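Engineer: The following file, my_file07.pdb, comprises PDB, C-alpha atoms:
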```
ATOM      1  CA  MET A  53      59.488  48.590 116.596
ATOM      2  CA  ALA A  54      59.202  44.839 116.944
ATOM      3  CA  LYS A  55      61.996  42.544 115.992
ATOM      4  CA  ILE A  56      61.628  40.879 112.612
ATOM      5  CA  LYS A  57      62.357  37.209 112.676
ATOM      6  CA  LYS A  58      64.393  35.922 109.796
ATOM      7  CA  PHE A  59      63.550  32.538 108.391
ATOM      8  CA  PRO A  60      66.080  30.382 106.578
ATOM      9  CA  THR A  61      65.666  30.361 102.815
ATOM     10  CA  MET A  62      64.359  27.126 101.424
ATOM     11  CA  ASN A  63      65.264  25.418  98.249
ATOM     12  CA  ILE A  64      62.055  25.563  96.270
ATOM     13  CA  GLN A  65      62.142  23.406  93.211
ATOM     14  CA  LYS A  66      59.809  23.569  90.282
ATOM     15  CA  ILE A  67      58.193  20.198  89.737
ATOM     16  CA  THR A  68      56.869  19.787  86.241
ATOM     17  CA  GLY A  69      54.379  17.150  85.389
ATOM     18  CA  GLY A  70      51.015  16.513  83.908
ATOM     19  CA  LYS A  71      50.116  16.508  80.270
ATOM     20  CA  ASP A  72      51.328  18.976  77.687
ATOM     21  CA  PRO A  73      48.309  21.302  77.190
ATOM     22  CA  ILE A  74      48.771  21.453  73.407
ATOM     23  CA  ARG A  75      48.757  17.673  73.198
ATOM     24  CA  LEU A  76      45.706  17.544  75.477
ATOM     25  CA  VAL A  77      43.722  19.884  73.203
ATOM     26  CA  GLU A  78      44.898  18.028  70.085
ATOM     27  CA  GLU A  79      43.668  14.728  71.598
ATOM     28  CA  PHE A  80      40.333  16.406  72.392
ATOM     29  CA  ILE A  81      40.068  17.616  68.772
ATOM     30  CA  LEU A  82      40.941  14.133  67.447
ATOM     31  CA  ARG A  83      38.289  12.624  69.728
ATOM     32  CA  ARG A  84      35.729  14.970  68.149
ATOM     33  CA  GLY A  85      36.730  13.614  64.706
ATOM     34  CA  PHE A  86      38.758  16.596  63.442
ATOM     35  CA  ASP A  87      42.353  17.046  62.334
ATOM     36  CA  PRO A  88      44.102  19.405  64.790
ATOM     37  CA  ASP A  89      46.491  20.711  62.107
ATOM     38  CA  ALA A  90      43.627  21.542  59.740
ATOM     39  CA  CYS A  91      41.643  23.255  62.524
ATOM     40  CA  GLU A  92      44.556  25.337  63.794
ATOM     41  CA  ARG A  93      44.018  29.002  62.908
ATOM     42  CA  GLU A  94      46.646  30.875  64.871
ATOM     43  CA  LYS A  95      49.811  29.911  66.708
ATOM     44  CA  THR A  96      52.189  32.097  68.692
ATOM     45  CA  PRO A  97      54.751  31.124  71.316
ATOM     46  CA  ASP A  98      52.205  31.973  74.029
ATOM     47  CA  SER A  99      48.885  30.815  72.526
ATOM     48  CA  VAL A 100      47.228  28.499  70.021
ATOM     49  CA  ARG A 101      43.721  28.842  68.544
ATOM     50  CA  TRP A 102      41.673  26.163  66.803
ATOM     51  CA  MET A 103      38.255  26.457  65.139
ATOM     52  CA  LEU A 104      36.082  23.321  64.870
ATOM     53  CA  ASP A 105      33.210  23.378  62.381
ATOM     54  CA  LEU A 106      30.292  21.713  64.169
ATOM     55  CA  GLY A 107      27.909  22.104  61.212
ATOM     56  CA  GLU A 108      24.805  24.273  60.869
ATOM     57  CA  ASP A 109      27.058  27.389  60.760
ATOM     58  CA  LYS A 110      28.387  26.637  64.253
ATOM     59  CA  GLU A 111      32.080  26.869  65.073
ATOM     60  CA  LEU A 112      33.669  25.997  68.366
ATOM     61  CA  GLU A 113      36.678  28.121  69.231
ATOM     62  CA  VAL A 114      39.312  26.441  71.387
ATOM     63  CA  LEU A 115      41.968  28.803  72.674
ATOM     64  CA  LEU A 116      45.013  27.841  74.692
ATOM     65  CA  GLU A 117      46.605  30.864  76.388
ATOM     66  CA  ALA A 118      49.628  31.651  78.586
ATOM     67  CA  LEU A 119      51.661  28.678  77.387
ATOM     68  CA  ARG A 120      54.881  30.227  78.692
ATOM     69  CA  ARG A 121      53.491  30.271  82.236
ATOM     70  CA  PRO A 122      52.352  26.694  83.036
ATOM     71  CA  ALA A 123      50.655  27.670  86.307
ATOM     72  CA  GLU A 124      48.529  30.240  84.438
ATOM     73  CA  THR A 125      47.805  28.307  81.233
ATOM     74  CA  THR A 126      44.094  28.319  80.420
ATOM     75  CA  ILE A 127      41.881  26.578  77.904
ATOM     76  CA  TYR A 128      38.905  28.527  76.591
ATOM     77  CA  MET A 129      36.088  26.943  74.584
ATOM     78  CA  GLY A 130      33.386  29.154  73.106
ATOM     79  CA  LEU A 131      30.446  28.747  70.768
ATOM     80  CA  ASN A 132      28.680  31.708  69.132
ATOM     81  CA  ILE A 133      24.961  31.361  69.715
ATOM     82  CA  ALA A 134      23.504  34.620  68.428
ATOM     83  CA  THR A 135      24.364  37.921  66.803
ATOM     84  CA  VAL A 136      23.296  40.862  68.942
ATOM     85  CA  PRO A 137      21.449  43.338  66.710
ATOM     86  CA  VAL A 138      21.957  47.069  67.166
ATOM     87  CA  ARG A 139      18.214  47.610  67.432
ATOM     88  CA  GLY A 140      16.947  45.758  70.484
ATOM     89  CA  ALA A 141      20.426  45.036  71.867
ATOM     90  CA  SER A 142      19.526  46.108  75.401
ATOM     91  CA  ASP A 143      16.441  43.851  75.450
ATOM     92  CA  MET A 144      18.446  40.912  74.141
ATOM     93  CA  LEU A 145      21.292  41.375  76.607
ATOM     94  CA  ALA A 146      18.957  41.784  79.573
ATOM     95  CA  ALA A 147      17.048  38.632  78.604
ATOM     96  CA  ALA A 148      20.307  36.714  78.038
ATOM     97  CA  LEU A 149      21.560  37.655  81.505
ATOM     98  CA  GLU A 150      18.325  36.523  83.116
ATOM     99  CA  ILE A 151      18.406  33.185  81.282
ATOM    100  CA  ALA A 152      22.130  32.718  82.013
ATOM    101  CA  ASP A 153      21.217  32.081  85.639
ATOM    102  CA  GLY A 154      20.000  28.649  84.497
ATOM    103  CA  LEU A 155      23.288  27.644  82.884
ATOM    104  CA  VAL A 156      25.321  24.913  84.568
ATOM    105  CA  GLY A 157      29.118  24.920  84.429
ATOM    106  CA  ILE A 158      29.385  27.453  81.584
ATOM    107  CA  LYS A 159      28.802  31.151  81.078
ATOM    108  CA  VAL A 160      27.345  33.525  78.508
ATOM    109  CA  SER A 161      29.419  36.476  77.312
ATOM    110  CA  LEU A 162      29.220  39.289  74.825
ATOM    111  CA  VAL A 163      32.224  38.992  72.506
ATOM    112  CA  GLY A 164      32.189  41.630  69.798
ATOM    113  CA  HIS A 165      28.627  41.512  68.515
ATOM    114  CA  TYR A 166      28.044  37.844  69.415
ATOM    115  CA  LEU A 167      26.549  36.126  72.429
ATOM    116  CA  VAL A 168      28.884  33.251  73.261
ATOM    117  CA  LEU A 169      28.453  30.220  75.498
ATOM    118  CA  SER A 170      31.855  29.349  76.896
ATOM    119  CA  ALA A 171      33.945  27.553  79.465
ATOM    120  CA  SER A 172      37.362  28.566  80.750
ATOM    121  CA  LEU A 173      39.501  25.982  82.459
ATOM    122  CA  GLY A 174      42.914  25.972  84.069
ATOM    123  CA  ALA A 175      45.119  23.587  82.086
ATOM    124  CA  ALA A 176      47.180  22.433  85.084
ATOM    125  CA  GLY A 177      46.083  18.901  85.927
ATOM    126  CA  LEU A 178      43.204  18.980  83.438
ATOM    127  CA  THR A 179      42.224  15.632  81.948
ATOM    128  CA  LEU A 180      40.794  14.828  78.544
ATOM    129  CA  GLU A 181      37.562  13.699  80.202
ATOM    130  CA  GLU A 182      37.133  17.062  81.953
ATOM    131  CA  LEU A 183      37.735  18.909  78.694
ATOM    132  CA  ASP A 184      35.238  16.668  76.931
ATOM    133  CA  TYR A 185      32.707  17.214  79.743
ATOM    134  CA  SER A 186      32.958  21.011  79.368
ATOM    135  CA  PHE A 187      32.365  20.672  75.632
ATOM    136  CA  LYS A 188      29.305  18.511  76.247
ATOM    137  CA  LEU A 189      27.951  21.096  78.703
ATOM    138  CA  ILE A 190      28.205  23.812  76.046
ATOM    139  CA  VAL A 191      26.574  21.717  73.317
ATOM    140  CA  ALA A 192      23.813  20.383  75.589
ATOM    141  CA  GLN A 193      22.765  23.836  76.786
ATOM    142  CA  GLU A 194      23.154  25.702  73.479
ATOM    143  CA  VAL A 195      19.788  24.623  72.034
ATOM    144  CA  TRP A 196      17.970  25.310  75.318
ATOM    145  CA  PHE A 197      19.561  28.749  75.644
ATOM    146  CA  ARG A 198      18.749  29.758  72.049
ATOM    147  CA  GLN A 199      15.135  28.576  72.308
ATOM    148  CA  THR A 200      14.568  30.197  75.691
ATOM    149  CA  LEU A 201      16.086  33.492  74.558
ATOM    150  CA  ALA A 202      14.003  33.541  71.362
ATOM    151  CA  GLU A 203      10.830  32.826  73.371
ATOM    152  CA  GLU A 204      11.673  35.532  75.908
ATOM    153  CA  LEU A 205      12.158  38.074  73.109
ATOM    154  CA  GLY A 206       9.101  36.869  71.168
ATOM    155  CA  TRP A 207      11.215  36.030  68.109
ATOM    156  CA  ASP A 208      10.899  32.992  65.859
ATOM    157  CA  ASP A 209      14.655  32.437  65.781
ATOM    158  CA  LEU A 210      17.860  34.181  66.808
ATOM    159  CA  PRO A 211      20.139  35.708  64.149
ATOM    160  CA  LEU A 212      23.571  34.095  63.898
ATOM    161  CA  ASP A 213      25.073  36.543  61.419
TER     162      ASP A 213
END
```
Written as structure tokens, that's how I'd like the structure from this file.
Structural biologist:
Amino acid sequence: MAKIKKFPTMNIQKITGGKDPIRLVEEFILRRGFDPDACEREKTPDSVRWMLDLGEDKELEVLLEALRRPAETTIYMGLNIATVPVRGASDMLAAALEIADGLVGIKVSLVGHYLVLSASLGAAGLTLEELDYSFKLIVAQEVWFRQTLAEELGWDDLPLD
């Protein structure tokens, strides 16, 4: 058996820095014209969830997870775009996956019985401008995605609840 070389142990120090992720999300919410305290729906030591009413029965969910582990802290933003009906669910999901190929910087997911446009970002080193950009990507592509999906299915409009 080969000899195993031993390396001296190094003093590895944790260097903290950057912006507090809760404060970052609260600044984002303030920039959108909402009160972060009024929008907060759930708070635990490891996560915080806000819901922003965008009008027209649209709510943006902002979820901050893994707060206890700064290297793994993530920010999720999601917007429900359609309710998936039981009848025709397979057609709707297949069409949504085909159309999703045209999305830029965001993804489509099935969450419960909703199709959701969302972005997930690592909070480490994230700036307010990057968070705002992800939000704008979701909002800008939401109308296109809904219209394209409705056309593909031959429906007048997509159900939202």
Engineer: Determine the residue set returned by the PyMOL selection byres ((chain A and resi 106) around 12) for the present structure, and present it as a PyMOL selection string.
Structural biologist: chain A and resi 81+84-86+91+103-105+107-113+131-132+187+191
Engineer: Atom CA of Leu115 of chain A to atom CA of Ser142 of chain A: how many Å, to one decimal?
Structural biologist: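 For atom CA of Leu115 of chain A relative to atom CA of Ser142 of chain A, the distance reads 28.5 Å.
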Engineer: Translate the PyMOL selection byres ((chain A and resi 162-173) around 7) into a concrete residue list for this structure, as an MDAnalysis selection string.
Structural biologist: chainID A and resid 126:136 158:161 174:175 186 190
Engineer: For a test of reading the model, state the distance in Å between atom CA of Glu117 of chain A and atom CA of Arg75 of chain A, rounded to one decimal.
Structural biologist: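 Value for the atom CA of Glu117 of chain A-atom CA of Arg75 of chain A distance: 13.7 Å.
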Engineer: Padding 4 Å on each side, edges along x, y and z: where is the centre of the box around the listed atoms of segment 182-195 of chain A, and how long are its edges in Å to one decimal? Output it as AutoDock Vina command-line options.
Structural biologist:
```
--center_x 28.8 --center_y 21.2 --center_z 77.0 --size_x 25.9 --size_y 17.0 --size_z 17.9
```
Engineer: Could you jot down the atom CA of Pro211 of chain A to atom CA of Glu150 of chain A separation for me, Å, one decimal place?
Structural biologist: 19.1 Å
Engineer: Fewer than 5 positions away in the same chain doesn't count, so skip those; otherwise give me all residues within 12 Å of Glu79 of chain A, counting only C-alpha atoms, as a list in words.
Structural biologist: Lys71, Asp72, Pro73, Ile74, Arg84, Gly85, Phe86, Asp87, Pro88, Asp89, Thr179, Leu180, Glu181, Leu183 and Asp184 of chain A
Engineer: Can you tell me which residues surround Asp98 of chain A at a distance of at most 9 Å, considering only C-alpha atoms, apart from same-chain residues fewer than 3 positions away, and format the answer as a ChimeraX atom specification?
Structural biologist: /A:95,116-121
Engineer: Could the residues in this selection be saved with C-alpha atoms as a PDB file, keeping the file's coordinate frame?
Structural biologist:
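Output file part-v1.pdb follows:
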```
ATOM      1  CA  LYS A  95      49.811  29.911  66.708  1.00  0.00           C
ATOM      2  CA  LEU A 116      45.013  27.841  74.692  1.00  0.00           C
ATOM      3  CA  GLU A 117      46.605  30.864  76.388  1.00  0.00           C
ATOM      4  CA  ALA A 118      49.628  31.651  78.586  1.00  0.00           C
ATOM      5  CA  LEU A 119      51.661  28.678  77.387  1.00  0.00           C
ATOM      6  CA  ARG A 120      54.881  30.227  78.692  1.00  0.00           C
ATOM      7  CA  ARG A 121      53.491  30.271  82.236  1.00  0.00           C
TER       8      ARG A 121
END
```
Engineer: Hey, which of A:Val156, A:Trp102, A:Leu189, A:Arg93 ends up closest to Glu78 of chain A? Count all atoms listed in the file.
Structural biologist: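 Of A:Val156, A:Trp102, A:Leu189, A:Arg93, the one nearest Glu78 of chain A, counting all atoms listed in the file, is A:Trp102.
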Engineer: Kindly add all heavy atoms to the incomplete segment 93-104 of chain A and provide the output as a compact mmCIF listing (two decimals), keeping the file's coordinate frame.
Structural biologist:
```txt
# COMPACT_ATOMS: atom_id res chain seq x y z
N ARG A 93 44.16 27.73 63.61
CA ARG A 93 44.02 29.00 62.91
C ARG A 93 45.13 29.99 63.23
O ARG A 93 45.47 30.82 62.42
CB ARG A 93 42.68 29.68 63.26
CG ARG A 93 41.48 28.94 62.78
CD ARG A 93 41.37 28.96 61.26
NE ARG A 93 40.17 28.29 60.82
CZ ARG A 93 40.09 27.03 60.44
NH1 ARG A 93 41.17 26.29 60.44
NH2 ARG A 93 38.97 26.50 60.06
N GLU A 94 45.67 29.89 64.43
CA GLU A 94 46.65 30.88 64.87
C GLU A 94 47.57 30.23 65.89
O GLU A 94 47.11 29.51 66.78
CB GLU A 94 45.88 32.02 65.51
CG GLU A 94 46.66 33.23 65.87
CD GLU A 94 45.74 34.29 66.47
OE1 GLU A 94 44.63 34.50 65.96
OE2 GLU A 94 46.17 34.88 67.47
N LYS A 95 48.87 30.48 65.75
CA LYS A 95 49.81 29.91 66.71
C LYS A 95 50.91 30.92 66.98
O LYS A 95 51.53 31.44 66.05
CB LYS A 95 50.41 28.61 66.18
CG LYS A 95 51.26 27.88 67.19
CD LYS A 95 51.64 26.50 66.69
CE LYS A 95 52.26 25.72 67.82
NZ LYS A 95 52.49 24.33 67.45
N THR A 96 51.10 31.23 68.25
CA THR A 96 52.19 32.10 68.69
C THR A 96 52.92 31.33 69.79
O THR A 96 52.44 30.29 70.25
CB THR A 96 51.66 33.44 69.25
OG1 THR A 96 50.94 33.18 70.46
CG2 THR A 96 50.77 34.16 68.26
N PRO A 97 54.06 31.82 70.23
CA PRO A 97 54.75 31.12 71.32
C PRO A 97 53.94 31.05 72.61
O PRO A 97 54.17 30.17 73.44
CB PRO A 97 56.02 31.96 71.53
CG PRO A 97 56.25 32.65 70.24
CD PRO A 97 54.88 32.90 69.67
N ASP A 98 52.97 31.94 72.79
CA ASP A 98 52.20 31.97 74.03
C ASP A 98 50.76 31.50 73.90
O ASP A 98 50.07 31.36 74.91
CB ASP A 98 52.22 33.39 74.61
CG ASP A 98 51.99 33.39 76.11
OD1 ASP A 98 52.49 32.49 76.79
OD2 ASP A 98 51.28 34.29 76.59
N SER A 99 50.28 31.26 72.68
CA SER A 99 48.88 30.82 72.53
C SER A 99 48.69 30.05 71.22
O SER A 99 49.45 30.20 70.28
CB SER A 99 47.93 32.02 72.56
OG SER A 99 48.12 32.82 71.43
N VAL A 100 47.64 29.25 71.22
CA VAL A 100 47.23 28.50 70.02
C VAL A 100 45.71 28.57 69.95
O VAL A 100 45.03 28.46 70.97
CB VAL A 100 47.67 27.01 70.07
CG1 VAL A 100 47.32 26.30 68.78
CG2 VAL A 100 49.14 26.88 70.37
N ARG A 101 45.17 28.75 68.73
CA ARG A 101 43.72 28.84 68.54
C ARG A 101 43.30 27.88 67.45
O ARG A 101 43.89 27.83 66.38
CB ARG A 101 43.32 30.26 68.16
CG ARG A 101 41.84 30.47 68.07
CD ARG A 101 41.49 31.94 67.95
NE ARG A 101 41.80 32.48 66.65
CZ ARG A 101 40.91 32.65 65.68
NH1 ARG A 101 39.65 32.34 65.88
NH2 ARG A 101 41.27 33.14 64.53
N TRP A 102 42.27 27.09 67.75
CA TRP A 102 41.67 26.16 66.80
C TRP A 102 40.21 26.53 66.61
O TRP A 102 39.56 27.00 67.54
CB TRP A 102 41.72 24.73 67.33
CG TRP A 102 43.07 24.15 67.52
CD1 TRP A 102 43.80 23.42 66.63
CD2 TRP A 102 43.86 24.18 68.72
NE1 TRP A 102 44.99 23.02 67.19
CE2 TRP A 102 45.06 23.47 68.47
CE3 TRP A 102 43.69 24.76 69.98
CZ2 TRP A 102 46.05 23.32 69.42
CZ3 TRP A 102 44.68 24.61 70.93
CH2 TRP A 102 45.84 23.90 70.64
N MET A 103 39.68 26.27 65.42
CA MET A 103 38.26 26.46 65.14
C MET A 103 37.71 25.13 64.60
O MET A 103 38.21 24.62 63.60
CB MET A 103 38.04 27.56 64.11
CG MET A 103 38.50 28.94 64.56
SD MET A 103 37.64 29.59 65.98
CE MET A 103 36.07 30.03 65.29
N LEU A 104 36.69 24.59 65.26
CA LEU A 104 36.08 23.32 64.87
C LEU A 104 34.70 23.59 64.28
O LEU A 104 33.84 24.16 64.96
CB LEU A 104 35.93 22.40 66.08
CG LEU A 104 37.17 21.67 66.59
CD1 LEU A 104 38.22 22.61 67.08
CD2 LEU A 104 36.79 20.70 67.68
```
